[in-house]
There are 2 protein chains.
Amino acid sequence: MAEAGAPGGRVRAVIDAVRPSVDGGRFAVKRVTGERFAVEADCFADGHDALRAVLRWRAEDAADWREAEMQPLGNDRWRAEFTAGAPGRYRYTVTAWVDHFQTWLKEFLLREDAADIRVAALAGAGLIEACAARAKGAERKRLADWAARVRAGIDFDTEELKTLCLEAPLIELAARHPDRGLATSWPLELPLVVDRERARHGAWYEMFPRSAAPEPGRHGTFRDCEARLAYVAELGFDVLYLPPIHPIGRAQRKGPNNALGAGPGDLGSPWAIGSAEGGHKAVHPQLGTREDFRRLVAKAASLGIEIALDIAFQCSPDHPYVKEHPQWFRRRPDGSVQYAENPPKKYQDIYPFDFETEDWRALWAELKSVLDFWIGEGVRIFRVDNPHTKSFAFWEWAIDAVRRAHPEVIFLAEAFTRPKVMHRLAKLGFTQSYTYFAWRNTKRELTEYFTELAHGPGREYFRASAWPNTPDILTEALQFGGRGAFMARLVLAATLCASYGIYGPAFELMESQPREPGSEEYLDSEKYQLRHWDLERPDSLRPLVALVNRIRRENPALQADGSLRFFPTDHEQLLCYAKATEDGANQIVVVVNLDPRNAHAGWVELDLAALGVAADRPYQMHDLISGARFLWQGARNYVQLDPQRVPAHVFRVRRRVRREQDFDYFA
Amino acid sequence: MAEAGAPGGRVRAVIDAVRPSVDGGRFAVKRVTGERFAVEADCFADGHDALRAVLRWRAEDAADWREAEMQPLGNDRWRAEFTAGAPGRYRYTVTAWVDHFQTWLKEFLLREDAADIRVAALAGAGLIEACAARAKGAERKRLADWAARVRAGIDFDTEELKTLCLEAPLIELAARHPDRGLATSWPLELPLVVDRERARHGAWYEMFPRSAAPEPGRHGTFRDCEARLAYVAELGFDVLYLPPIHPIGRAQRKGPNNALGAGPGDLGSPWAIGSAEGGHKAVHPQLGTREDFRRLVAKAASLGIEIALDIAFQCSPDHPYVKEHPQWFRRRPDGSVQYAENPPKKYQDIYPFDFETEDWRALWAELKSVLDFWIGEGVRIFRVDNPHTKSFAFWEWAIDAVRRAHPEVIFLAEAFTRPKVMHRLAKLGFTQSYTYFAWRNTKRELTEYFTELAHGPGREYFRASAWPNTPDILTEALQFGGRGAFMARLVLAATLCASYGIYGPAFELMESQPREPGSEEYLDSEKYQLRHWDLERPDSLRPLVALVNRIRRENPALQADGSLRFFPTDHEQLLCYAKATEDGANQIVVVVNLDPRNAHAGWVELDLAALGVAADRPYQMHDLISGARFLWQGARNYVQLDPQRVPAHVFRVRRRVRREQDFDYFA
């Protein structure tokens with residue numbers, strides 16, 4: 001018959017549907033430092049007694065809970081919130097109880113006949129005495145005195161007695177000493193992961209160090225990357241992400257354009273990691289030394305840029321692990337190591353780890369030590385290559401283990417795979433996730449996908465990162481869309497998604513030749529060879545990239561995705577959407593012409609209430625791209641966008657703040 | 001680093017989102033015996049290896065699991081089903097694993113070059129040998145022989161070798177002996193409650209025994225109820241529900257129409273339970289004896305009718321409990337027992353139990369013994385009065401405890417209260433729940449509410465019961481709608497909801513006078529006095545009630561709610577909806593004119609695909625109310641309904657089954 005211990009069956013309050021919650025608390029909800037974290041729950045009890053509920057939270061390694069009183073929203077739903085603190089793991093839960101003092105108060109206010117009021121006043125005195133017993137010092141005395149005054153006044157006129165019982169400051173004081181002896185708590189202490197702000201927004205620039213030399217033909221070095229930092233800073237990027245910087249395998253090395261069999265001078269792919277010179281903790285000799293790398297990290301930091309490293313947990317056949325830990329790899333029946341394959345395709349230059357190895361503990365520990373090693377070198381952001389081909393259990397353990405020591409570390413999952421798998425990785429701990437953005441081009445595709453990302457169940461744990469291109473992805477849209485497509489895709493990525501990135505200089509120089517028709521691979525890809533980029537080319541998108549990144553920095557509305565909403569337009573090629581800060585002070589409306597070749601005009605229909613704009617007053621739309629300012633009124637407005645110039649408006653909405661008598665003035 | 005024990009970190013399969021599941025397994029999903037129970041889950045692993053998954057289930061007290069292989073539905077979703085067995089509690093869960101044999105098979109089929117095929121064939125032989133080691137007897141030998149044949153044929157022509165490796169019956173045999181050493185299971189064994197069929201559908205008739213005497217003025221008895229059974233059977237009801245049959249308190253007894261202070265001949269309310277003659281386990285002397293009650297139960301059973309008893313856990317001031325267990329009641333400061341109140345209203349004839357009593361164990365045990373007592377008298381259905389004013393924890397324990405011994409017992413929750421509270425009671429174990437049906441009158445209200453009931457999250461645990469009236473609820477619709485309203489509300493309740501009931505003879509005799517204007521109480525309610533009902537009145541709805549109940553019995557589509565769907569009509573007063581059996585063999589389409597006074601005509605738009613009807617062929621609509629048969633074609637059809645006759649069609653859809661050359665013939 002229920003639990004043996006008190007209070008057992010006497011508990012009457014019930015808690016249900018605590019939200020947010022990812023898979024019933026199996027995984028953590030994510031927030032960044034400084035964000036408000038609101039929790040709701042159904043709280044109720046049998047009968048009509050009054051209820052109280054508190055939201056409780058603590059850092060995972062702290063013993064003490066903090067509390068916020070929950071407020072009823074109607075329909076038995078309650079809510080409270082707190083501000084997310086320093087990065088780390090937290091727990092939150094809800095406690096509720098039937099509150100006899102509040103019940104007494106609620107009923108006392110409704111009582112009418114005198115006898116009833118007197119009996120109730122006596123009951124109240126008893127409840128106040130119980131509050132006093134739970135209070136201390138001066139508070140206890142104030143409550144005890146109050147109870148005594150009520151008892152002394154029990155034969156007063158009932159109006160006087162009511163007044164005596166209903167002293168607001170004393171009621172408030174009594175409420176601070178509730179009887180929680182029969183309280184119930186949500187059985188789960190739900191996990192919350194707090195990240196630093198960069199987890200929520202940032203502009204990433206991916207670049208191959210091998211091509212960073214200023215002169216054609218020479219292999220780039222970390223020193224060359226250092227020199228390139230000014231350019232990256234001018235473009236306004238927050239993160240500079242480098243493909244793997246480790247020694248490249250020689251066995252089965254691929255030649256230019258992924259040719260089987262490399263020539264003597266061929267460089268191979270940086271993702272074929274490991275050679276006699278070392279593995280995942282070594283630096284490719286042609287790039288420089290660990291010391292050079294540390295200098296690069298420090299110099300970047302001085303410019304406000306973080307270096308992100310690529311983590312690709314796989315080996316070239318001459319990686320030291322293959323000899324040192326043969327048990328970490330699967331064998332074929334002929335005794336050879338099993339290379340990566342997707343029959344009939346073979347990737348003989350890559351040996352995957354066997355996560356079913358009986359020596360999994362040592363394998364896990366070694367892989368984690370790779371992360372620790374680079375953290376030791378100053379890296380705090382990892383872009384993880386194909387995490388979905390390594391075991392989920394490993395990632396959950398490794399990310400958590402790293403972050404317990406370094407909660408500021410950010411992991412970006414490069415998993416372009418099935419939706420459930422991408423979501424699982426985000427739940428397991430990846431801070432950010434690549435998305436299908438590269439392949440979402442039409443108005444309907446973009447609207448549906450980004451609505452799902454911003455408002456679907458993933459919103460609590462899946463942080464999207466939008467990339468118009470990567471070294472593996474030269475989309476059809478960019479191959480055939482010309483300059484107009486590059487511009488539109490840049491603006492879309494940078495404004496739809498608080499985290500976005502480009503693979504440059506291929507992007508700003510509008511590199512668009514595929515290896516062969518129907519392929520998304522770049523011709524003469526840097527994955528297999530050096531490239532020399534002319535950054536000073538007059539047609540470079542460099543100024544637009546710099547402008548878009550400046551707009552992102554200056555407009556906090558673009559630094560989060562939760563407020564994204566799409567507005568109707570009457571043209572299939574015109575996409576319109578808005579973002580705002582929580583306080584509504586910063587409102588951005590974006591209109592993009594999705595046709596890369598032709599100018600289009602049409603009408604957009606804004607949700608003025610959502611924008612905080614009065615329907616009967618003009619408001620200013622300040623295009624942060626062109627600098628032009630338009631005076632609009634009402635929901636329906638005309639736009640015209642020409643991809644020969646810039647196929648997008650990024651409007652800041654400026655509401656009239658002075659009175660009519662003033663000069664026009666918009667904030 | 002994860003769990004210490006094997007297989008620990010080697011497990012690669014993942015299971016997520018197992019459905020159905022109520023609050024993450026905190027509460028049971030409900031089904032009735034013979035229903036299909038389908039379970040879905042996300043199952044996947046890292047990489048591209050093949051996966052297998054099984055649904056597992058067992059009776060809660062059985063040690064052995066049964067299994068069904070799950071099938072992939074796409075998007076990493078898997079599904080399997082089984083048929084719900086005998087009433088009782090069950091558990092179900094999902095197990096999945098990366099299957100190396102299936103991976104080998106999938107890849108083997110794609111391999112092209114000869115060397116590759118030979119190495120893979122050797123790997124296959126190894127896997128088959130492992131399957132053999134897990135098999136026994138003849139199966140082991142067949143598998144071992146197969147592996148030997150593959151090894152012997154390794155130098156054959158590759159086409160021959162492929163044929164050798166791909167013998168379908170042997171592949172199937174090998175699949176029956178998978179390596180589940182690294183399998184993962186959903187961590188929860190989710191609860192499933194299986195009820196008997198009456199839990200899902202039934203027609204209830206509520207009747208006051210006190211008014212069952214055939215002659216006016218005499219107090220009815222169980223013997224009179226026995227005589228009334230033929231009438232109830234003629235009306236086609238499955239359940240006869242009696243208000244409390246216990247001794248009625250004398251202290252604070254209410255007079256007719258709830259008057260304060262009863263006269264000497266006044267009978268009081270059956271819900272004011274308990275007097276010197278006994279409490280919840282006694283029979284009101286004016287109704288007869290326990291022996292009489294048992295006879296009534298037996299006689300009813302012989303007519304296919306079950307007797308449902310009212311369980312109202314509250315006491316009149318002279319209930320024996322008040323003296324014997326004073327600690328079960330709250331005290332006022334003046335020492336008197338706290339009566340029920342909702343300030344400023346007082347219900348001094350009712351003492352509620354104090355579920356916060358320290359003596360809760362004894363209270364719970366005694367209340368459960370009341371249920372056990374009546375189960376001993378042959379009762380298997382309880383209608384529980386105001387369960388939401390008793391503690392939730394008590395109900396969860398009591399219902400479970402009763403049903404472990406008697407899984408056939410049905411509990412109907414009479415909780416007309418807030419939605420969350422009603423849902424909680426259903427989750428805690430109540431088999432069926434009263435609904436807001438009585439107050440849902442317009443097309444929009446009915447469509448929204450019954451769509452929510454049939455398809456909302458409650459569909460897994462909340463079984464609706466629709467009552468157009470009860471002794472406490474004479475709705476405005478019935479007070480002012482006349483005969484048309486009674487007919488429409490009867491058809492709506494009986495066809496929207498597989499479980500429905502009426503309070504008679506007030507319903508079929510269209511009793512519509514409220515105690516006072518604006519009240520939902522009946523004038524001269526049987527709750528406080530005898531009534532004599534003229535069952536033979538020529539205007540009685542008796543024939544319609546009998547017909548509707550016969551239609552329900554003959555059409556299994558009306559015996560479940562999951563298939564309910566609404567179809568558009570072009571008239572605000574015309575409501576159209578359909579129900580079907582899972583196999584589609586029984587299709588019912590209902591059209592109701594919601595205006596009780598005026599005839600209306602309009603067009604209904606059927607979803608022909610859902611009805612399994614061809615758009616280009618005529619089909620017959622057989623109105624089971626009027627007997628008329630209409631030949632319709634296409635989705636859009638005309639209806640006209642006059643409340644002066646019957647305001648509803650209940651069509652059985654009859655599709656043409658013979659060929660065109662035959663005479664018209666519809667099944």
# chains A, B, ... in the order shown; residues from 1 in each chain; ligands from 1

call {"tool": "select_by_dssp", "arguments": {"residues": "region 47-132 of chain B", "states": "alpha helix (DSSP H)", "output": "MDAnalysis selection string"}}
result
chainID B and resid 100:108 114:132

call {"tool": "residues_around", "arguments": {"residues": "region 198-204 of chain A", "least_positions_apart": "3", "cutoff": "6 Å", "atoms": "only C-alpha atoms", "output": "CSV table (one decimal) with all heavy atoms, in the first residue's frame"}}
result
chain,number,residue,atom,x,y,z
A,237,PHE,N,34.4,37.6,-39.4
A,237,PHE,CA,34.0,36.3,-38.9
A,237,PHE,C,34.5,36.1,-37.4
A,237,PHE,O,35.5,36.7,-37.0
A,237,PHE,CB,34.7,35.2,-39.8
A,237,PHE,CG,34.0,35.0,-41.0
A,237,PHE,CD1,34.4,35.6,-42.2
A,237,PHE,CD2,32.7,34.3,-41.1
A,237,PHE,CE1,33.7,35.5,-43.4
A,237,PHE,CE2,32.0,34.2,-42.3
A,237,PHE,CZ,32.5,34.8,-43.5
A,238,ASP,N,33.7,35.2,-36.7
A,238,ASP,CA,34.0,35.0,-35.3
A,238,ASP,C,34.9,33.8,-35.1
A,238,ASP,O,35.6,33.6,-34.1
A,238,ASP,CB,32.7,34.8,-34.5
A,238,ASP,CG,31.7,35.9,-34.7
A,238,ASP,OD1,32.0,37.0,-34.3
A,238,ASP,OD2,30.6,35.7,-35.3
A,239,VAL,N,34.7,32.8,-36.1
A,239,VAL,CA,35.4,31.5,-35.9
A,239,VAL,C,36.2,31.2,-37.2
A,239,VAL,O,35.6,31.4,-38.3
A,239,VAL,CB,34.4,30.4,-35.6
A,239,VAL,CG1,35.1,29.0,-35.5
A,239,VAL,CG2,33.6,30.7,-34.3
A,240,LEU,N,37.4,30.8,-37.1
A,240,LEU,CA,38.2,30.4,-38.3
A,240,LEU,C,38.4,28.8,-38.1
A,240,LEU,O,39.0,28.4,-37.2
A,240,LEU,CB,39.5,31.1,-38.4
A,240,LEU,CG,40.5,30.5,-39.4
A,240,LEU,CD1,39.9,30.6,-40.8
A,240,LEU,CD2,41.8,31.3,-39.4
A,498,ALA,N,21.4,31.9,-36.7
A,498,ALA,CA,22.3,32.6,-35.9
A,498,ALA,C,23.7,32.1,-36.0
A,498,ALA,O,24.7,32.9,-35.8
A,498,ALA,CB,21.8,32.6,-34.4
A,499,SER,N,23.9,30.8,-36.3
A,499,SER,CA,25.2,30.3,-36.6
A,499,SER,C,25.3,29.9,-38.0
A,499,SER,O,24.4,29.2,-38.5
A,499,SER,CB,25.5,29.0,-35.7
A,499,SER,OG,25.6,29.3,-34.4
A,500,TYR,N,26.3,30.4,-38.7
A,500,TYR,CA,26.4,30.1,-40.1
A,500,TYR,C,27.8,30.1,-40.5
A,500,TYR,O,28.7,30.6,-39.7
A,500,TYR,CB,25.6,31.0,-41.0
A,500,TYR,CG,26.4,32.2,-41.6
A,500,TYR,CD1,26.8,32.3,-42.9
A,500,TYR,CD2,26.7,33.3,-40.7
A,500,TYR,CE1,27.5,33.3,-43.4
A,500,TYR,CE2,27.5,34.3,-41.2
A,500,TYR,CZ,27.9,34.4,-42.5
A,500,TYR,OH,28.6,35.4,-43.0
A,501,GLY,N,28.2,29.5,-41.7
A,501,GLY,CA,29.6,29.6,-42.1
A,501,GLY,C,29.7,29.4,-43.6
A,501,GLY,O,28.7,29.0,-44.3
A,559,GLN,N,21.0,37.2,-33.6
A,559,GLN,CA,21.9,36.3,-32.9
A,559,GLN,C,21.2,35.2,-32.1
A,559,GLN,O,21.8,34.5,-31.2
A,559,GLN,CB,22.7,37.2,-31.9
A,559,GLN,CG,23.6,38.2,-32.6
A,559,GLN,CD,24.2,39.3,-31.7
A,559,GLN,OE1,24.1,39.2,-30.5
A,559,GLN,NE2,24.8,40.3,-32.4

call {"tool": "closest_atom_pairs", "arguments": {"of": "chain B", "to": "chain A", "cutoff": "6 Å", "atoms": "only C-alpha atoms", "output": "CSV"}}
result
residue,atom,partner,partner_atom,distance
B:Arg10,CA,A:Glu356,CA,4.5
B:Arg12,CA,A:Ser391,CA,5.6
B:Asp46,CA,A:Thr389,CA,4.9
B:Gly47,CA,A:Thr389,CA,4.2
B:Glu107,CA,A:Pro343,CA,5.9
B:Leu110,CA,A:Pro343,CA,5.6
B:Arg111,CA,A:Pro344,CA,5.0
B:Ala123,CA,A:Pro333,CA,5.7
B:Pro333,CA,A:Ala123,CA,5.7
B:Pro343,CA,A:Arg111,CA,5.6
B:Pro344,CA,A:Arg111,CA,5.0
B:Glu356,CA,A:Arg10,CA,4.5
B:His388,CA,A:Asp46,CA,5.1
B:Thr389,CA,A:Gly47,CA,4.2
B:Lys390,CA,A:Asp46,CA,5.8
B:Ser391,CA,A:Asp46,CA,5.6

call {"tool": "residues_around", "arguments": {"residues": "Glu476 (chain A)", "least_positions_apart": "2", "cutoff": "10 Å", "atoms": "only C-alpha atoms", "output": "count of residues only"}}
result
14

call {"tool": "residues_around", "arguments": {"residues": "Thr435 (chain A)", "least_positions_apart": "6", "cutoff": "7 Å", "atoms": "only C-alpha atoms", "output": "list in words"}}
result
Phe416, Ala464, Ser465 and Ala466 of chain A

call {"tool": "residues_around", "arguments": {"residues": "Ile307 (chain A)", "least_positions_apart": "4", "cutoff": "9 Å", "atoms": "only C-alpha atoms", "output": "PyMOL selection string"}}
result
chain A and resi 238-242+296-297+300-301+378-382

call {"tool": "residues_around", "arguments": {"residues": "Asp195 (chain A)", "least_positions_apart": "3", "cutoff": "7 Å", "atoms": "only C-alpha atoms", "output": "mmCIF file with N, CA, C and O atoms, in the first residue's frame"}}
result
data_model
loop_
_atom_site.group_PDB
_atom_site.id
_atom_site.type_symbol
_atom_site.label_atom_id
_atom_site.label_comp_id
_atom_site.auth_asym_id
_atom_site.auth_seq_id
_atom_site.Cartn_x
_atom_site.Cartn_y
_atom_site.Cartn_z
ATOM 1 N N ARG A 31 20.691 25.895 -23.131
ATOM 2 C CA ARG A 31 20.550 27.342 -23.126
ATOM 3 C C ARG A 31 21.955 27.941 -23.104
ATOM 4 O O ARG A 31 22.920 27.219 -22.877
ATOM 5 N N VAL A 32 22.075 29.266 -23.341
ATOM 6 C CA VAL A 32 23.374 29.903 -23.164
ATOM 7 C C VAL A 32 23.294 30.869 -21.984
ATOM 8 O O VAL A 32 22.208 31.309 -21.583
ATOM 9 N N THR A 33 24.432 31.169 -21.455
ATOM 10 C CA THR A 33 24.533 32.052 -20.292
ATOM 11 C C THR A 33 23.766 33.349 -20.552
ATOM 12 O O THR A 33 23.908 33.952 -21.616
ATOM 13 N N PRO A 87 28.460 28.665 -17.882
ATOM 14 C CA PRO A 87 28.411 27.383 -18.588
ATOM 15 C C PRO A 87 28.607 26.206 -17.639
ATOM 16 O O PRO A 87 29.409 26.278 -16.694
ATOM 17 N N GLY A 88 27.891 25.144 -17.918
ATOM 18 C CA GLY A 88 27.980 23.948 -17.085
ATOM 19 C C GLY A 88 26.672 23.194 -17.110
ATOM 20 O O GLY A 88 25.763 23.534 -17.863
ATOM 21 N N ALA A 199 27.881 29.442 -28.568
ATOM 22 C CA ALA A 199 27.118 28.244 -28.924
ATOM 23 C C ALA A 199 25.850 28.610 -29.679
ATOM 24 O O ALA A 199 25.351 27.841 -30.484
ATOM 25 N N PRO A 407 33.565 23.443 -19.613
ATOM 26 C CA PRO A 407 32.194 23.645 -20.098
ATOM 27 C C PRO A 407 32.109 24.663 -21.229
ATOM 28 O O PRO A 407 31.051 24.812 -21.830
ATOM 29 N N GLU A 408 33.210 25.331 -21.528
ATOM 30 C CA GLU A 408 33.182 26.328 -22.595
ATOM 31 C C GLU A 408 33.440 25.713 -23.969
ATOM 32 O O GLU A 408 33.364 26.402 -24.991
#

call {"tool": "residues_around", "arguments": {"residues": "region 535-544 of chain B", "least_positions_apart": "2", "cutoff": "7 Å", "atoms": "only C-alpha atoms", "output": "list of chain:residue names"}}
result
B:Leu235, B:Glu508, B:Leu509, B:Trp533, B:Ala546, B:Leu547, B:Val548

call {"tool": "atom_distance", "arguments": {"atom1": "CA of Ala415 (chain B)", "atom2": "CA of Val384 (chain B)"}}
result
8.4 Å

call {"tool": "closest_residue", "arguments": {"among": "A:Glu511, A:Glu572, A:Asp534, A:Asp583", "to": "Ala213 (chain A)", "atoms": "only C-alpha atoms"}}
result
A:Asp534

call {"tool": "atom_distance", "arguments": {"atom1": "CA of Ala175 (chain A)", "atom2": "CA of Gly137 (chain A)"}}
result
16.2 Å

call {"tool": "atom_distance", "arguments": {"atom1": "CA of Gly456 (chain B)", "atom2": "CA of Gly562 (chain B)"}}
result
10.2 Å

call {"tool": "closest_residue", "arguments": {"among": "B:Pro178, B:Pro643, B:Gly279, B:Pro214", "to": "Ile245 (chain B)", "atoms": "only C-alpha atoms"}}
result
B:Gly279
